[in-house]
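Let me begin by presenting the structure, written as structure tokens, before commenting on it.
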Amino acid sequence: MRHGWGMWIGLWMLLLAWPLQADELSPQEFQQVTADVVPALKSLKSLYRDSEIDQLNQQLADFPVLAQEALRAGLVEYAQTLDQLDETKVAWLETLVTRKPRFTLTEQGDGYRVTRSAFNYGPQARQLLQHWQREQLAAAFVRQADAGDLVLSDWLAGERNVQRVRRDIALAQLPAVSEQGQRYLANQFLSDKQLLWLPDNGLLALLAESTGDEALYQQLWRRRTDQYSRAELNRLTDLLPDQLAVNQLIEATRNPSLKAQAYQALATLKPLPAQVEVFLLAKLSEPEDGELVAGHLVSEGHSSWLTKLAAGTKSYTLKRNLETALSSSL
């Protein structure tokens, strides 16, 4: 027997008076029906929480159409706060996404009239389902990566917006993947040529950071620069004088879009480590980058070293690069 049957009958009789043929509601009518369904909503929430969807639908059918719509709206709002879905709840929410709104809410003022859907539960249900689907994808990403079953080129395939969603999921979940799983994913970047066509460096940069794999870094610096490769270069700069950071900043100078930032970061080291000094000295003698490197060294306080180099060198290119940078600082 349905509990609270007297309450249901009373509410049904009250709502029966609403003009169901008039699908346009005023703000006052909307507020009234929303308040009138509150007693019934409590019981329906319990049925939803317990996934008793068949019984929930049966009880909903006992109400006039307007009350049903108000109750559905209240149930979806409750579902958003509960944020606990299973297959039964998902199936019910999917039916709400496809329902066409019947009632509109009209607001009038001085010189304006605005009409919108009175019970906007469809988009809310869709948003809830999308959130649930992302959670399922996130759990599957970690599970399959750890098991060695996830093929990145397949998982990241699809339209650009699908790729972005899955990339964001991968970036968020990668810290939860085991070390073995991360190695499994990293190896795919080194062996699967399809991954070279990814639209951005997000996952590659994060895998390079998490594994410290020099081969991944080499691939990262060879690719077109974007926000992810720049962010990784900034992170490495903050780690100086860590040896990995030094090595990768040197490698990053091979990228035309990153070399100025990498040179400047290396020039901040005081004193210059032997490895960095040898590397920058070789660059100072180059026609292409020599003046750029010299300028960064001067700006970072290495003028005394450059002055000594200029006085002792017989290389025309080196001397010109050094003197140009030194004179511009005066």
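Here's how to read the names in the structure tokens: chain A, B, ... by the order shown, residue numbers from 1 in each chain, ligand numbers from 1 in the order shown.
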- Surrounding residues of Ile53 of chain A excluding itself and chain neighbours under 3 positions, 8 Å, only C-alpha atoms, as JSON, numbers by chain: {"A": [47, 48, 56, 57, 88, 89, 92]}
- Task: Using DSSP on the backbone coordinates, identify the residues of segment 87-191 of chain A assigned to strand (DSSP E); present them as an NGL selection string.
- Result: :A and (104-109 or 112-117)
The selected residues should be written to file as a PDB file, in the first residue's frame (atoms: N, CA and C atoms).
```pdb
ATOM      1  N   THR A 104       5.593  27.007 -19.871  1.00  0.00           N
ATOM      2  CA  THR A 104       6.521  28.131 -19.941  1.00  0.00           C
ATOM      3  C   THR A 104       6.210  29.108 -18.820  1.00  0.00           C
ATOM      4  N   LEU A 105       7.239  29.825 -18.426  1.00  0.00           N
ATOM      5  CA  LEU A 105       7.117  30.828 -17.370  1.00  0.00           C
ATOM      6  C   LEU A 105       7.292  32.197 -18.017  1.00  0.00           C
ATOM      7  N   THR A 106       6.298  33.056 -17.855  1.00  0.00           N
ATOM      8  CA  THR A 106       6.324  34.370 -18.479  1.00  0.00           C
ATOM      9  C   THR A 106       6.471  35.451 -17.419  1.00  0.00           C
ATOM     10  N   GLU A 107       7.445  36.291 -17.618  1.00  0.00           N
ATOM     11  CA  GLU A 107       7.664  37.436 -16.731  1.00  0.00           C
ATOM     12  C   GLU A 107       7.484  38.717 -17.545  1.00  0.00           C
ATOM     13  N   GLN A 108       6.716  39.640 -16.987  1.00  0.00           N
ATOM     14  CA  GLN A 108       6.445  40.899 -17.663  1.00  0.00           C
ATOM     15  C   GLN A 108       6.889  42.062 -16.787  1.00  0.00           C
ATOM     16  N   GLY A 109       7.371  43.088 -17.445  1.00  0.00           N
ATOM     17  CA  GLY A 109       7.764  44.288 -16.737  1.00  0.00           C
ATOM     18  C   GLY A 109       7.464  45.506 -17.577  1.00  0.00           C
ATOM     19  N   TYR A 112       8.882  45.068 -21.286  1.00  0.00           N
ATOM     20  CA  TYR A 112       9.513  43.819 -21.700  1.00  0.00           C
ATOM     21  C   TYR A 112       8.624  42.638 -21.315  1.00  0.00           C
ATOM     22  N   ARG A 113       8.829  41.544 -22.014  1.00  0.00           N
ATOM     23  CA  ARG A 113       8.123  40.291 -21.747  1.00  0.00           C
ATOM     24  C   ARG A 113       9.093  39.159 -22.057  1.00  0.00           C
ATOM     25  N   VAL A 114       9.382  38.336 -21.056  1.00  0.00           N
ATOM     26  CA  VAL A 114      10.346  37.250 -21.199  1.00  0.00           C
ATOM     27  C   VAL A 114       9.638  35.927 -20.941  1.00  0.00           C
ATOM     28  N   THR A 115       9.814  34.978 -21.863  1.00  0.00           N
ATOM     29  CA  THR A 115       9.216  33.655 -21.719  1.00  0.00           C
ATOM     30  C   THR A 115      10.309  32.604 -21.764  1.00  0.00           C
ATOM     31  N   ARG A 116      10.299  31.683 -20.818  1.00  0.00           N
ATOM     32  CA  ARG A 116      11.281  30.600 -20.767  1.00  0.00           C
ATOM     33  C   ARG A 116      10.617  29.344 -20.236  1.00  0.00           C
ATOM     34  N   SER A 117      11.326  28.240 -20.318  1.00  0.00           N
ATOM     35  CA  SER A 117      10.788  26.984 -19.801  1.00  0.00           C
ATOM     36  C   SER A 117      10.586  27.079 -18.297  1.00  0.00           C
TER      37      SER A 117
END
```
- Task: Just give me the gap between atom CA of Arg166 of chain A and atom CA of Arg99 of chain A in Å, one decimal is fine.
- Result: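 Atom-to-atom, atom CA of Arg166 of chain A and atom CA of Arg99 of chain A are spaced 28.3 Å apart.
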Near-Gln194 of chain A list (12 Å; only C-alpha atoms; drop same-chain fewer than 5 positions) as a compact mmCIF listing (two decimals) with all heavy atoms, in the first residue's frame:
```
# COMPACT_ATOMS: atom_id res chain seq x y z
N VAL A 151 44.89 1.72 -25.10
CA VAL A 151 45.63 2.17 -26.28
C VAL A 151 45.31 3.66 -26.47
O VAL A 151 44.20 4.03 -26.83
CB VAL A 151 45.25 1.37 -27.54
CG1 VAL A 151 46.01 1.89 -28.75
CG2 VAL A 151 45.52 -0.11 -27.31
N LEU A 152 46.30 4.50 -26.23
CA LEU A 152 46.05 5.94 -26.22
C LEU A 152 45.53 6.46 -27.55
O LEU A 152 44.64 7.32 -27.58
CB LEU A 152 47.34 6.69 -25.84
CG LEU A 152 47.68 6.74 -24.36
CD1 LEU A 152 49.06 7.35 -24.17
CD2 LEU A 152 46.63 7.54 -23.60
N SER A 153 46.07 5.97 -28.65
CA SER A 153 45.64 6.48 -29.95
C SER A 153 44.17 6.15 -30.22
O SER A 153 43.50 6.90 -30.94
CB SER A 153 46.52 5.91 -31.06
OG SER A 153 46.53 4.49 -31.03
N ASP A 154 43.67 5.07 -29.65
CA ASP A 154 42.25 4.75 -29.77
C ASP A 154 41.43 5.56 -28.77
O ASP A 154 40.36 6.07 -29.09
CB ASP A 154 42.01 3.25 -29.53
CG ASP A 154 42.59 2.38 -30.63
OD1 ASP A 154 42.81 2.92 -31.74
OD2 ASP A 154 42.83 1.19 -30.39
N TRP A 155 41.95 5.65 -27.54
CA TRP A 155 41.21 6.32 -26.47
C TRP A 155 41.05 7.81 -26.75
O TRP A 155 40.05 8.42 -26.38
CB TRP A 155 41.94 6.11 -25.14
CG TRP A 155 41.07 6.31 -23.95
CD1 TRP A 155 40.15 5.45 -23.43
CD2 TRP A 155 41.03 7.48 -23.09
NE1 TRP A 155 39.55 5.99 -22.32
CE2 TRP A 155 40.08 7.23 -22.09
CE3 TRP A 155 41.74 8.67 -23.08
CZ2 TRP A 155 39.80 8.14 -21.08
CZ3 TRP A 155 41.45 9.59 -22.08
CH2 TRP A 155 40.50 9.32 -21.10
N LEU A 156 42.03 8.40 -27.42
CA LEU A 156 42.00 9.84 -27.72
C LEU A 156 41.45 10.14 -29.11
O LEU A 156 41.50 11.28 -29.56
CB LEU A 156 43.41 10.43 -27.60
CG LEU A 156 44.00 10.43 -26.19
CD1 LEU A 156 45.47 10.80 -26.24
CD2 LEU A 156 43.23 11.40 -25.29
N ALA A 157 40.93 9.13 -29.80
CA ALA A 157 40.40 9.33 -31.14
C ALA A 157 39.04 10.00 -31.08
O ALA A 157 38.39 10.06 -30.03
CB ALA A 157 40.31 7.99 -31.87
N GLN A 188 54.04 4.20 -25.30
CA GLN A 188 53.21 4.36 -26.50
C GLN A 188 53.60 5.62 -27.27
O GLN A 188 53.55 5.64 -28.50
CB GLN A 188 51.73 4.40 -26.11
CG GLN A 188 51.23 3.07 -25.56
CD GLN A 188 49.74 3.09 -25.29
OE1 GLN A 188 48.95 3.50 -26.14
NE2 GLN A 188 49.35 2.64 -24.11
N PHE A 189 53.99 6.68 -26.56
CA PHE A 189 54.42 7.90 -27.25
C PHE A 189 55.72 7.66 -28.02
O PHE A 189 56.01 8.36 -28.99
CB PHE A 189 54.63 9.03 -26.25
CG PHE A 189 53.38 9.83 -26.00
CD1 PHE A 189 52.58 9.54 -24.90
CD2 PHE A 189 52.99 10.83 -26.85
CE1 PHE A 189 51.42 10.27 -24.66
CE2 PHE A 189 51.84 11.57 -26.64
CZ PHE A 189 51.05 11.29 -25.53
N PRO A 199 46.59 17.02 -31.11
CA PRO A 199 46.53 18.47 -31.33
C PRO A 199 47.30 19.30 -30.30
O PRO A 199 47.53 20.48 -30.53
CB PRO A 199 45.03 18.78 -31.26
CG PRO A 199 44.46 17.68 -30.43
CD PRO A 199 45.27 16.46 -30.75
```
- Query: If you count only C-alpha atoms, which residues fall within 10 Å of segment 245-252 of chain A, apart from same-chain ones fewer than 4 positions away, as a ChimeraX atom specification?
  - Reply: /A:212,214,217-218,220-222,229,233-241,256-266,269,273,275-276,279-280
Keeping only N, CA and C atoms, write the selected residues as a JSON list (two decimals), in the first residue's frame.
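Ended up saving to result-v6.json:
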```json
[["chain", "number", "residue", "atom", "x", "y", "z"],
["A", 212, "GLY", "N", 60.25, 11.48, -16.13],
["A", 212, "GLY", "CA", 61.60, 12.01, -16.33],
["A", 212, "GLY", "C", 62.30, 11.40, -17.53],
["A", 214, "GLU", "N", 63.97, 11.07, -20.88],
["A", 214, "GLU", "CA", 64.62, 12.01, -21.79],
["A", 214, "GLU", "C", 64.08, 11.88, -23.20],
["A", 217, "TYR", "N", 61.00, 13.90, -23.44],
["A", 217, "TYR", "CA", 61.33, 15.32, -23.50],
["A", 217, "TYR", "C", 61.82, 15.71, -24.90],
["A", 218, "GLN", "N", 62.62, 14.87, -25.51],
["A", 218, "GLN", "CA", 63.10, 15.17, -26.85],
["A", 218, "GLN", "C", 61.93, 15.30, -27.83],
["A", 220, "LEU", "N", 58.89, 16.14, -26.94],
["A", 220, "LEU", "CA", 58.16, 17.34, -26.55],
["A", 220, "LEU", "C", 58.79, 18.59, -27.15],
["A", 221, "TRP", "N", 60.13, 18.69, -27.06],
["A", 221, "TRP", "CA", 60.79, 19.90, -27.58],
["A", 221, "TRP", "C", 60.76, 19.96, -29.11],
["A", 222, "ARG", "N", 60.57, 18.82, -29.76],
["A", 222, "ARG", "CA", 60.51, 18.82, -31.23],
["A", 222, "ARG", "C", 59.13, 19.23, -31.75],
["A", 229, "SER", "N", 53.81, 22.75, -23.29],
["A", 229, "SER", "CA", 55.27, 22.69, -23.35],
["A", 229, "SER", "C", 55.88, 23.90, -22.65],
["A", 233, "LEU", "N", 58.39, 23.89, -19.39],
["A", 233, "LEU", "CA", 59.65, 24.64, -19.37],
["A", 233, "LEU", "C", 59.71, 25.54, -18.13],
["A", 234, "ASN", "N", 58.60, 26.17, -17.79],
["A", 234, "ASN", "CA", 58.56, 27.00, -16.57],
["A", 234, "ASN", "C", 58.80, 26.16, -15.32],
["A", 235, "ARG", "N", 58.20, 24.98, -15.28],
["A", 235, "ARG", "CA", 58.38, 24.11, -14.12],
["A", 235, "ARG", "C", 59.84, 23.69, -13.99],
["A", 236, "LEU", "N", 60.47, 23.35, -15.09],
["A", 236, "LEU", "CA", 61.88, 22.96, -15.05],
["A", 236, "LEU", "C", 62.76, 24.13, -14.63],
["A", 237, "THR", "N", 62.41, 25.33, -15.07],
["A", 237, "THR", "CA", 63.17, 26.51, -14.67],
["A", 237, "THR", "C", 63.14, 26.68, -13.16],
["A", 238, "ASP", "N", 61.99, 26.44, -12.56],
["A", 238, "ASP", "CA", 61.86, 26.56, -11.11],
["A", 238, "ASP", "C", 62.68, 25.50, -10.36],
["A", 239, "LEU", "N", 63.03, 24.42, -11.06],
["A", 239, "LEU", "CA", 63.79, 23.34, -10.42],
["A", 239, "LEU", "C", 65.30, 23.55, -10.48],
["A", 240, "LEU", "N", 65.77, 24.53, -11.25],
["A", 240, "LEU", "CA", 67.21, 24.77, -11.36],
["A", 240, "LEU", "C", 67.83, 24.98, -9.98],
["A", 241, "PRO", "N", 69.04, 24.46, -9.72],
["A", 241, "PRO", "CA", 69.98, 23.82, -10.66],
["A", 241, "PRO", "C", 69.90, 22.30, -10.69],
["A", 256, "PRO", "N", 62.90, 26.55, -31.70],
["A", 256, "PRO", "CA", 62.99, 27.99, -31.99],
["A", 256, "PRO", "C", 62.06, 28.85, -31.14],
["A", 257, "SER", "N", 60.91, 28.28, -30.74],
["A", 257, "SER", "CA", 59.95, 29.06, -29.96],
["A", 257, "SER", "C", 60.28, 29.08, -28.47],
["A", 258, "LEU", "N", 61.15, 28.21, -28.03],
["A", 258, "LEU", "CA", 61.46, 28.09, -26.61],
["A", 258, "LEU", "C", 62.88, 28.52, -26.26],
["A", 259, "LYS", "N", 63.74, 28.66, -27.26],
["A", 259, "LYS", "CA", 65.15, 28.82, -26.96],
["A", 259, "LYS", "C", 65.47, 30.10, -26.19],
["A", 260, "ALA", "N", 64.79, 31.20, -26.50],
["A", 260, "ALA", "CA", 65.08, 32.44, -25.78],
["A", 260, "ALA", "C", 64.80, 32.28, -24.29],
["A", 261, "GLN", "N", 63.67, 31.67, -23.96],
["A", 261, "GLN", "CA", 63.31, 31.45, -22.56],
["A", 261, "GLN", "C", 64.28, 30.48, -21.90],
["A", 262, "ALA", "N", 64.69, 29.45, -22.63],
["A", 262, "ALA", "CA", 65.62, 28.46, -22.07],
["A", 262, "ALA", "C", 67.00, 29.07, -21.84],
["A", 263, "TYR", "N", 67.48, 29.86, -22.79],
["A", 263, "TYR", "CA", 68.77, 30.52, -22.62],
["A", 263, "TYR", "C", 68.75, 31.44, -21.39],
["A", 264, "GLN", "N", 67.70, 32.19, -21.26],
["A", 264, "GLN", "CA", 67.61, 33.12, -20.14],
["A", 264, "GLN", "C", 67.59, 32.37, -18.81],
["A", 265, "ALA", "N", 66.86, 31.26, -18.76],
["A", 265, "ALA", "CA", 66.80, 30.48, -17.53],
["A", 265, "ALA", "C", 68.18, 29.94, -17.16],
["A", 266, "LEU", "N", 68.92, 29.45, -18.13],
["A", 266, "LEU", "CA", 70.27, 28.94, -17.87],
["A", 266, "LEU", "C", 71.20, 30.06, -17.42],
["A", 269, "LEU", "N", 71.76, 31.02, -13.58],
["A", 269, "LEU", "CA", 72.56, 30.22, -12.66],
["A", 269, "LEU", "C", 73.84, 30.97, -12.29],
["A", 273, "PRO", "N", 77.29, 26.41, -13.76],
["A", 273, "PRO", "CA", 77.89, 25.07, -13.70],
["A", 273, "PRO", "C", 78.76, 24.83, -14.93],
["A", 275, "GLN", "N", 78.98, 22.42, -16.99],
["A", 275, "GLN", "CA", 78.23, 21.95, -18.16],
["A", 275, "GLN", "C", 77.54, 23.10, -18.88],
["A", 276, "VAL", "N", 76.94, 24.00, -18.12],
["A", 276, "VAL", "CA", 76.22, 25.14, -18.70],
["A", 276, "VAL", "C", 77.20, 26.12, -19.32],
["A", 279, "PHE", "N", 78.39, 24.79, -22.63],
["A", 279, "PHE", "CA", 77.31, 24.86, -23.61],
["A", 279, "PHE", "C", 77.10, 26.29, -24.10],
["A", 280, "LEU", "N", 77.02, 27.25, -23.18],
["A", 280, "LEU", "CA", 76.77, 28.64, -23.57],
["A", 280, "LEU", "C", 77.95, 29.24, -24.31]]
```
- List the neighbours of Leu93 of chain A out to 10 Å using only C-alpha atoms; skip same-chain residues closer than 6 positions along the sequence, and give me the result as JSON, numbers by chain. {"A": [72, 75, 76, 79, 85, 87, 121, 122, 124, 125, 126, 128, 129]}
- Item | Atomic separation - atom CA of Glu232 of chain A relative to atom CA of Asp168 of chain A, Å | 16.4 Å
Excluding Arg164 of chain A and its own-chain neighbours fewer than 2 positions away, which residues fall within 12 Å of it when counting only C-alpha atoms? Please give them as a PDB file with N, CA and C atoms, in the first residue's frame.
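Result file around05.pdb:
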```
ATOM      1  N   TRP A 155      41.947   5.647 -27.542  1.00  0.00           N
ATOM      2  CA  TRP A 155      41.212   6.317 -26.473  1.00  0.00           C
ATOM      3  C   TRP A 155      41.049   7.812 -26.751  1.00  0.00           C
ATOM      4  N   LEU A 156      42.030   8.402 -27.423  1.00  0.00           N
ATOM      5  CA  LEU A 156      41.997   9.837 -27.721  1.00  0.00           C
ATOM      6  C   LEU A 156      41.449  10.138 -29.110  1.00  0.00           C
ATOM      7  N   ALA A 157      40.933   9.128 -29.796  1.00  0.00           N
ATOM      8  CA  ALA A 157      40.401   9.329 -31.142  1.00  0.00           C
ATOM      9  C   ALA A 157      39.038  10.003 -31.076  1.00  0.00           C
ATOM     10  N   GLY A 158      38.614  10.507 -32.218  1.00  0.00           N
ATOM     11  CA  GLY A 158      37.287  11.120 -32.294  1.00  0.00           C
ATOM     12  C   GLY A 158      37.364  12.583 -32.664  1.00  0.00           C
ATOM     13  N   GLU A 159      36.214  13.260 -32.561  1.00  0.00           N
ATOM     14  CA  GLU A 159      36.152  14.671 -32.874  1.00  0.00           C
ATOM     15  C   GLU A 159      36.975  15.480 -31.878  1.00  0.00           C
ATOM     16  N   ARG A 160      37.295  16.723 -32.262  1.00  0.00           N
ATOM     17  CA  ARG A 160      38.192  17.542 -31.457  1.00  0.00           C
ATOM     18  C   ARG A 160      37.655  17.758 -30.036  1.00  0.00           C
ATOM     19  N   ASN A 161      36.347  17.993 -29.895  1.00  0.00           N
ATOM     20  CA  ASN A 161      35.807  18.215 -28.552  1.00  0.00           C
ATOM     21  C   ASN A 161      35.872  16.945 -27.715  1.00  0.00           C
ATOM     22  N   VAL A 162      35.709  15.779 -28.348  1.00  0.00           N
ATOM     23  CA  VAL A 162      35.851  14.506 -27.631  1.00  0.00           C
ATOM     24  C   VAL A 162      37.302  14.318 -27.189  1.00  0.00           C
ATOM     25  N   ARG A 166      38.602  13.917 -23.243  1.00  0.00           N
ATOM     26  CA  ARG A 166      39.382  12.753 -22.824  1.00  0.00           C
ATOM     27  C   ARG A 166      40.801  13.143 -22.418  1.00  0.00           C
ATOM     28  N   ARG A 167      41.358  14.150 -23.087  1.00  0.00           N
ATOM     29  CA  ARG A 167      42.669  14.636 -22.677  1.00  0.00           C
ATOM     30  C   ARG A 167      42.608  15.196 -21.260  1.00  0.00           C
ATOM     31  N   ASP A 168      41.571  15.997 -20.970  1.00  0.00           N
ATOM     32  CA  ASP A 168      41.433  16.571 -19.633  1.00  0.00           C
ATOM     33  C   ASP A 168      41.270  15.488 -18.574  1.00  0.00           C
ATOM     34  N   ILE A 169      40.527  14.441 -18.919  1.00  0.00           N
ATOM     35  CA  ILE A 169      40.366  13.325 -17.991  1.00  0.00           C
ATOM     36  C   ILE A 169      41.709  12.655 -17.745  1.00  0.00           C
ATOM     37  N   ALA A 170      42.460  12.433 -18.814  1.00  0.00           N
ATOM     38  CA  ALA A 170      43.768  11.788 -18.674  1.00  0.00           C
ATOM     39  C   ALA A 170      44.713  12.634 -17.826  1.00  0.00           C
ATOM     40  N   LEU A 171      44.721  13.942 -18.053  1.00  0.00           N
ATOM     41  CA  LEU A 171      45.592  14.824 -17.278  1.00  0.00           C
ATOM     42  C   LEU A 171      45.231  14.797 -15.797  1.00  0.00           C
ATOM     43  N   LEU A 198      48.531  14.241 -32.267  1.00  0.00           N
ATOM     44  CA  LEU A 198      47.681  14.834 -31.236  1.00  0.00           C
ATOM     45  C   LEU A 198      47.714  16.358 -31.356  1.00  0.00           C
ATOM     46  N   PRO A 199      46.587  17.017 -31.109  1.00  0.00           N
ATOM     47  CA  PRO A 199      46.528  18.471 -31.327  1.00  0.00           C
ATOM     48  C   PRO A 199      47.296  19.297 -30.299  1.00  0.00           C
ATOM     49  N   ASP A 200      47.649  18.723 -29.154  1.00  0.00           N
ATOM     50  CA  ASP A 200      48.391  19.495 -28.160  1.00  0.00           C
ATOM     51  C   ASP A 200      49.358  18.588 -27.418  1.00  0.00           C
ATOM     52  N   ASN A 201      50.154  19.204 -26.541  1.00  0.00           N
ATOM     53  CA  ASN A 201      51.220  18.488 -25.830  1.00  0.00           C
ATOM     54  C   ASN A 201      50.850  18.123 -24.391  1.00  0.00           C
ATOM     55  N   GLY A 202      49.578  18.216 -24.047  1.00  0.00           N
ATOM     56  CA  GLY A 202      49.179  18.043 -22.662  1.00  0.00           C
ATOM     57  C   GLY A 202      49.641  16.748 -22.028  1.00  0.00           C
ATOM     58  N   LEU A 203      49.249  15.636 -22.617  1.00  0.00           N
ATOM     59  CA  LEU A 203      49.565  14.342 -22.017  1.00  0.00           C
ATOM     60  C   LEU A 203      51.045  14.013 -22.146  1.00  0.00           C
TER      61      LEU A 203
END
```
